[in-house]
Structures are given as C-alpha cells and as structure tokens.
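The structure appears right after this line, and notes come after that.
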Amino acid sequence: LSIFSHSMYDDDGGFAGTVVSFNDVTELVLALQAKDDFLSNVSHEFRTPLTSILGYLELSLELGESLPEDVTGYIEVARRNAVRLEQLVEDLLAINAGTFEVHPVTTDIGRTLAEAASSAYVRASRAGLHLVNHAPSSLKAVVDPIRLAQAVDNLLTNAIKYNRRGGSITLDASLDDDGVRVEVADTGIGIEAAELHQVFDRFFRSPSVRTSAVPGVGLGLLITKSIVSEHGGSITVTSEPGQGTCFTMLLPQPGQGTAGSPG
Ligand code: ADP
C-alpha cells in the first residue's frame with residue numbers, strides 16, 4: 001500500500017482539510033512475484049527431463065560408427081540444442097536466485113566478436129540481411145569471453161529477428177576512458193519510445209512483435225543485461241520506430257571508469 005497525504009488551504013490561508021490518497025500496489029507486487037515464481041518453477045521442471053534427453057543423446061552418439069553418418073549428424077544437432085536449452089534454464093535459475101556470475105579474464109575481444117559475427121553471418125544472409133563487423137580484429141580487454149559472446153549473440157540474434165529483408169546490421173567495438181564499448185546497430189523495425197525502458201524486463205515483448213510470427217519469449221535481453229551488470233557495466237538502447245535500433249554495452253576495465261568494478 002502506498003499512502004500520500006497533502007494538507008489543503010483555502011484562498012485566505014485557512015486550513016481546509018487534508019487529502020489522503022491510498023494506492024493499492026498489492027496486485028502489482030503479487031504479479032511481479034508470480035512472474036518470478038513462474039520462471040523459477042518452469043526452469044526447475046525443465047531440468048530433469050532435459051538431463052535425461054541429454055544423457056540419451058550422448059549415449060546414442062557413443063554408438064558412433066554403428067550409426068549411419070546422417071543420423072549421427074541429426075543427433076549432434078539435437079544435442080547442441082539441448083545444451084543451449086540447458087544453459088538457458090541454468091542462467092534463469094541463477095538470475096532468479098541472485099547467484100548469476102561472470103569470470104572476467106584478459107581476452108582478445110576482437111576475436112570473440114569476429115567469431116560471434118561469423119556465426120550470425122550465415123543466419124543474417126539467409127534472412128536477406130547485410131552484416132558488417134567494424135570491430136578491430138584485435139582488442140585486449142578484461143571480460144568473461146563466453147558470457148560476452150553470449151551477450152553479443154543475443155543482440156545480433158535480435159538484430160536479425162527484428163529486421164526487414166535488405167536491412168543491415170553493424171557490430172562495432174572500441175576502448176576509451178570509460179571502458180570497452182560494444183555496439184550492435186540495426187536498420188530494423190525499431191522500438192516505440194514508450195517501450196524502450198521495458199525491453200530488459202523478463203517476458204517483455206513489444207505488442208507488435210507478439211502478434212507477429214517472430215519467435216521469442218522475452219528473456220534474451222534479461223540475460224544480456226545480467227551479463228553486463230555482473231561485469232559492473234551498463235547497457236543502453238536508442239531506437240527510431242521504423243528506422244532501427246542500437247544497443248550499446250559499456251564494460252568498465254580494471255582501474256577505469258565509474259560504473260563500478262566487476263563483481
Ligand atoms: P525475445 O526476442 O525472445 O522476444 P528479448 O528479451 O531478446 O526477447 O527482447 C525483448 C523484446 O524487445 C523483443 O520481443 C522486441 O519486442 C524488443 N527488441 C529487442 N531487440 C530488438 C531490436 N533489435 N529491434 C526491435 N525490437 C527489439
């Protein structure tokens with residue numbers, strides 16, 4: 001419950017009374033709690049069957065040469081996707097439990113970004129999009145390389161999903177006094193100004209996107225933001241509806257910046 005009170009006076013300064021307003025925020029708090037509980041319960045429910053699926057896929061792969069080559073290929077694809085799903089479940093459980101963490105080490109992020117770009121390149125081309133990597137081929141920074149790759153992959157995947165045939169995507173990175181800046185810009189559908197502050201919320205999807213055929217559940221940016229926050233950094237978004245969107249991650253480097261230290 002939020003309570004607001006204000007004393008009122010009439011024109012000649014005499015006390016007229018007090019206005020007290022009560023705002024019941026219980027439902028809002030309960031709704032947010034319900035989302036957290038749902039996320040956590042669903043994640044837990046996914047864990048056991050996923051472990052079983054992965055176990056049997058790995059057992060099947062061990063049969064190796066007794067399987068036709070293309071069947072081995074299919075099982076390998078299924079295993080890779082099951083691993084991705086397992087990673088998603090573990091990340092969501094960790095974020096909900098407040099135990100999500102990163103392990104920054106000195107990394108050549110030029111290479112990390114080139115790898116992320118080349119894996120997105122195929123998907124972008126298939127969607128009729130032009131992807132360009134402007135990041136320097138070599139750039140040393142203290143980051144968690146696996147988590148940075150995951151964050152960049154999430155942003156590139158969105159830049160592909162929320163784009164239009166013939167559109168383009170640009171990846172860029174630079175190092176300055178504030179830290180390492182990694183930028184993913186697209187010429188896609190854009191985001192309405194009123195929705196900009198919500199895109200990092202769990203389960204948020206723009207209403208225009210929800211009714212389209214673009215798949216998603218609204219968890220990618222939550223994970224991306226967690227990765228950046230755990231580096232002591234920040235992520236910002238600017239967008240022009242119908243023109244495009246730009247996400248910028250700023251990761252402060254040891255002895256640099258004011259955004260905090262990696263935690
Ligand atoms: P998902 O893509 O699974 O819906 P995300 O958390 O990655 O979840 O993104 C949340 C929402 O933010 C998307 O559903 C979409 O409405 C919006 N969004 C994210 N990235 C972009 C982008 N590059 N261009 C336009 N909208 C975007």
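Ordered as shown in the structure tokens, chains take letters A, B, and onward, while each chain numbers its residues from 1 and ligands are numbered from 1 in the order shown.
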Selection within 9 Å of ligand 1 by only C-alpha atoms and all ligand atoms, output as a PyMOL selection string: chain A and resi 154-163+184-192+195-196+198-210+214-224+239+241+244-247
Contacts of A:Val25 at 12 Å (only C-alpha atoms; same-chain gap of 6+ positions) as a PyMOL selection string: chain A and resi 1-3+31-32
Would you save the residues of that selection, restricted to N, CA, C and O atoms, as a PDB file, in the first residue's frame?
```
ATOM      1  N   LEU A   1       0.856  -1.184   0.000  1.00  0.00           N
ATOM      2  CA  LEU A   1       0.000   0.000   0.000  1.00  0.00           C
ATOM      3  C   LEU A   1       0.894   1.237   0.000  1.00  0.00           C
ATOM      4  O   LEU A   1       1.809   1.329   0.797  1.00  0.00           O
ATOM      5  N   SER A   2       0.644   2.195  -0.903  1.00  0.00           N
ATOM      6  CA  SER A   2       1.373   3.451  -0.823  1.00  0.00           C
ATOM      7  C   SER A   2       0.392   4.545  -0.406  1.00  0.00           C
ATOM      8  O   SER A   2      -0.732   4.602  -0.900  1.00  0.00           O
ATOM      9  N   ILE A   3       0.798   5.361   0.581  1.00  0.00           N
ATOM     10  CA  ILE A   3      -0.087   6.400   1.118  1.00  0.00           C
ATOM     11  C   ILE A   3       0.517   7.770   0.828  1.00  0.00           C
ATOM     12  O   ILE A   3       1.720   7.972   0.977  1.00  0.00           O
ATOM     13  N   ALA A  31       1.838  -9.643  -8.880  1.00  0.00           N
ATOM     14  CA  ALA A  31       2.020 -10.035 -10.276  1.00  0.00           C
ATOM     15  C   ALA A  31       3.501 -10.235 -10.583  1.00  0.00           C
ATOM     16  O   ALA A  31       3.881 -11.197 -11.252  1.00  0.00           O
ATOM     17  N   LEU A  32       4.356  -9.332 -10.080  1.00  0.00           N
ATOM     18  CA  LEU A  32       5.798  -9.459 -10.315  1.00  0.00           C
ATOM     19  C   LEU A  32       6.336 -10.706  -9.630  1.00  0.00           C
ATOM     20  O   LEU A  32       7.138 -11.445 -10.185  1.00  0.00           O
TER      21      LEU A  32
END
```
Filtered DSSP result for stretch 97-248 of chain A, state alpha helix (DSSP H), as a PyMOL selection string: chain A and resi 97+109-126+145-161+207-210+220-230
Same residues, C-alpha atoms, output as a PDB file, in the first residue's frame:
```pdb
ATOM      1  CA  ALA A  97      18.444 -16.953  -7.193  1.00  0.00           C
ATOM      2  CA  ILE A 109      37.633  -9.417 -27.711  1.00  0.00           C
ATOM      3  CA  GLY A 110      38.422  -8.643 -31.355  1.00  0.00           C
ATOM      4  CA  ARG A 111      38.497 -12.405 -31.844  1.00  0.00           C
ATOM      5  CA  THR A 112      35.450 -13.037 -29.648  1.00  0.00           C
ATOM      6  CA  LEU A 113      33.433 -10.529 -31.686  1.00  0.00           C
ATOM      7  CA  ALA A 114      34.692 -11.865 -35.028  1.00  0.00           C
ATOM      8  CA  GLU A 115      33.560 -15.357 -34.026  1.00  0.00           C
ATOM      9  CA  ALA A 116      30.141 -14.086 -32.889  1.00  0.00           C
ATOM     10  CA  ALA A 117      29.783 -12.142 -36.151  1.00  0.00           C
ATOM     11  CA  SER A 118      30.738 -15.075 -38.341  1.00  0.00           C
ATOM     12  CA  SER A 119      28.246 -17.386 -36.642  1.00  0.00           C
ATOM     13  CA  ALA A 120      25.490 -14.753 -37.085  1.00  0.00           C
ATOM     14  CA  TYR A 121      26.581 -14.029 -40.663  1.00  0.00           C
ATOM     15  CA  VAL A 122      25.021 -17.210 -42.048  1.00  0.00           C
ATOM     16  CA  ARG A 123      21.694 -16.558 -40.312  1.00  0.00           C
ATOM     17  CA  ALA A 124      21.725 -12.913 -41.443  1.00  0.00           C
ATOM     18  CA  SER A 125      22.407 -13.837 -45.077  1.00  0.00           C
ATOM     19  CA  ARG A 126      19.606 -16.391 -45.011  1.00  0.00           C
ATOM     20  CA  PRO A 145      34.780 -14.308 -23.049  1.00  0.00           C
ATOM     21  CA  ILE A 146      31.990 -16.913 -23.001  1.00  0.00           C
ATOM     22  CA  ARG A 147      29.483 -14.516 -21.441  1.00  0.00           C
ATOM     23  CA  LEU A 148      30.471 -11.636 -23.735  1.00  0.00           C
ATOM     24  CA  ALA A 149      29.976 -13.933 -26.753  1.00  0.00           C
ATOM     25  CA  GLN A 150      26.555 -14.910 -25.370  1.00  0.00           C
ATOM     26  CA  ALA A 151      25.538 -11.248 -24.859  1.00  0.00           C
ATOM     27  CA  VAL A 152      26.690 -10.232 -28.361  1.00  0.00           C
ATOM     28  CA  ASP A 153      24.989 -13.279 -29.869  1.00  0.00           C
ATOM     29  CA  ASN A 154      21.710 -12.302 -28.155  1.00  0.00           C
ATOM     30  CA  LEU A 155      21.940  -8.757 -29.573  1.00  0.00           C
ATOM     31  CA  LEU A 156      22.868  -9.964 -33.066  1.00  0.00           C
ATOM     32  CA  THR A 157      20.066 -12.536 -32.998  1.00  0.00           C
ATOM     33  CA  ASN A 158      17.556  -9.784 -32.131  1.00  0.00           C
ATOM     34  CA  ALA A 159      19.001  -7.519 -34.843  1.00  0.00           C
ATOM     35  CA  ILE A 160      18.298 -10.355 -37.307  1.00  0.00           C
ATOM     36  CA  LYS A 161      14.847 -11.243 -35.917  1.00  0.00           C
ATOM     37  CA  PRO A 207       2.858  -5.892 -28.656  1.00  0.00           C
ATOM     38  CA  SER A 208       3.651  -5.518 -32.374  1.00  0.00           C
ATOM     39  CA  VAL A 209       6.146  -8.379 -32.115  1.00  0.00           C
ATOM     40  CA  ARG A 210       3.867 -10.627 -30.042  1.00  0.00           C
ATOM     41  CA  GLY A 220      17.254 -12.768 -24.094  1.00  0.00           C
ATOM     42  CA  LEU A 221      17.734  -9.149 -23.038  1.00  0.00           C
ATOM     43  CA  LEU A 222      17.223 -10.052 -19.367  1.00  0.00           C
ATOM     44  CA  ILE A 223      20.200 -12.413 -19.631  1.00  0.00           C
ATOM     45  CA  THR A 224      22.224  -9.892 -21.680  1.00  0.00           C
ATOM     46  CA  LYS A 225      21.610  -7.226 -19.048  1.00  0.00           C
ATOM     47  CA  SER A 226      22.604  -9.626 -16.245  1.00  0.00           C
ATOM     48  CA  ILE A 227      25.869 -10.388 -18.059  1.00  0.00           C
ATOM     49  CA  VAL A 228      26.658  -6.677 -18.430  1.00  0.00           C
ATOM     50  CA  SER A 229      25.670  -5.860 -14.820  1.00  0.00           C
ATOM     51  CA  GLU A 230      27.883  -8.639 -13.474  1.00  0.00           C
TER      52      GLU A 230
END
```
Selected residue, from A:Ile169, A:Val237, A:Leu50, A:Leu251, that lies nearest to A:Arg181 when counting only C-alpha atoms: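 Going through A:Ile169, A:Val237, A:Leu50, A:Leu251 one by one, the smallest distance to A:Arg181 is for A:Leu251.
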Which of stretch 90-205 of chain A DSSP labels strand (DSSP E or B), written as a list in words: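 Going through stretch 90-205 of chain A, the strand (DSSP E or B) residues come out as Val105, Thr106, Thr107, Asp108, His130, Leu131, Val132, Asn133, Lys140, Ala141, Val142, Val143, Ser168, Ile169, Thr170, Leu171, Asp172, Ala173, Ser174, Leu175, Asp176, Gly179, Val180, Arg181, Val182, Glu183, Val184, Ala185 and Asp186 of chain A.
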Of the listed residues A:Phe38, A:Asp172, A:Arg164, A:Asn133, that which approaches A:Gly242 most closely, counting only C-alpha atoms: A:Arg164
Close residues, A:Gly17 itself excluded, 12 Å, only C-alpha atoms, min 2 positions apart in chain, as a list of chain:residue names: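 Everything that qualifies: A:Ser5, A:His6, A:Ser7, A:Met8, A:Tyr9, A:Asp10, A:Gly13, A:Gly14, A:Phe15, A:Val19, A:Val20.
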Go ahead and dump the residues you just picked, N, CA, C and O atoms, as a PDB file, in the first residue's frame.
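So the final result, stored in again14.pdb, reads:
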```pdb
ATOM      1  N   SER A   5      -0.307  11.965   1.497  1.00  0.00           N
ATOM      2  CA  SER A   5      -1.226  12.920   2.122  1.00  0.00           C
ATOM      3  C   SER A   5      -0.779  14.348   1.850  1.00  0.00           C
ATOM      4  O   SER A   5       0.409  14.624   1.718  1.00  0.00           O
ATOM      5  N   HIS A   6      -1.759  15.258   1.723  1.00  0.00           N
ATOM      6  CA  HIS A   6      -1.448  16.636   1.391  1.00  0.00           C
ATOM      7  C   HIS A   6      -2.443  17.558   2.083  1.00  0.00           C
ATOM      8  O   HIS A   6      -3.651  17.388   1.950  1.00  0.00           O
ATOM      9  N   SER A   7      -1.934  18.540   2.853  1.00  0.00           N
ATOM     10  CA  SER A   7      -2.832  19.487   3.527  1.00  0.00           C
ATOM     11  C   SER A   7      -3.303  20.543   2.543  1.00  0.00           C
ATOM     12  O   SER A   7      -2.530  21.006   1.706  1.00  0.00           O
ATOM     13  N   MET A   8      -4.604  20.909   2.633  1.00  0.00           N
ATOM     14  CA  MET A   8      -5.192  21.885   1.708  1.00  0.00           C
ATOM     15  C   MET A   8      -5.576  23.151   2.469  1.00  0.00           C
ATOM     16  O   MET A   8      -6.062  23.077   3.600  1.00  0.00           O
ATOM     17  N   TYR A   9      -5.375  24.297   1.844  1.00  0.00           N
ATOM     18  CA  TYR A   9      -5.723  25.578   2.478  1.00  0.00           C
ATOM     19  C   TYR A   9      -6.634  26.349   1.532  1.00  0.00           C
ATOM     20  O   TYR A   9      -6.491  26.270   0.316  1.00  0.00           O
ATOM     21  N   ASP A  10      -7.580  27.132   2.086  1.00  0.00           N
ATOM     22  CA  ASP A  10      -8.434  27.932   1.208  1.00  0.00           C
ATOM     23  C   ASP A  10      -7.722  29.230   0.830  1.00  0.00           C
ATOM     24  O   ASP A  10      -6.596  29.479   1.259  1.00  0.00           O
ATOM     25  N   GLY A  13      -5.809  31.378   3.226  1.00  0.00           N
ATOM     26  CA  GLY A  13      -4.780  30.699   4.011  1.00  0.00           C
ATOM     27  C   GLY A  13      -5.311  29.813   5.138  1.00  0.00           C
ATOM     28  O   GLY A  13      -4.541  29.203   5.856  1.00  0.00           O
ATOM     29  N   GLY A  14      -6.627  29.782   5.312  1.00  0.00           N
ATOM     30  CA  GLY A  14      -7.196  28.946   6.369  1.00  0.00           C
ATOM     31  C   GLY A  14      -7.103  27.464   6.031  1.00  0.00           C
ATOM     32  O   GLY A  14      -7.236  27.085   4.866  1.00  0.00           O
ATOM     33  N   PHE A  15      -6.877  26.669   7.050  1.00  0.00           N
ATOM     34  CA  PHE A  15      -6.763  25.225   6.839  1.00  0.00           C
ATOM     35  C   PHE A  15      -8.104  24.632   6.411  1.00  0.00           C
ATOM     36  O   PHE A  15      -9.119  24.823   7.074  1.00  0.00           O
ATOM     37  N   VAL A  19      -6.024  15.966   2.225  1.00  0.00           N
ATOM     38  CA  VAL A  19      -6.385  14.942   1.245  1.00  0.00           C
ATOM     39  C   VAL A  19      -5.437  13.768   1.435  1.00  0.00           C
ATOM     40  O   VAL A  19      -4.220  13.937   1.449  1.00  0.00           O
ATOM     41  N   VAL A  20      -5.993  12.604   1.648  1.00  0.00           N
ATOM     42  CA  VAL A  20      -5.150  11.410   1.790  1.00  0.00           C
ATOM     43  C   VAL A  20      -5.523  10.451   0.675  1.00  0.00           C
ATOM     44  O   VAL A  20      -6.699  10.163   0.459  1.00  0.00           O
TER      45      VAL A  20
END
```
Proximity to A:Ala141 - best of A:Val83, A:Val180, A:Leu129, A:Ala94, only C-alpha atoms: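 Checking each of A:Val83, A:Val180, A:Leu129, A:Ala94 against A:Ala141, counting only C-alpha atoms, the winner is A:Val180.
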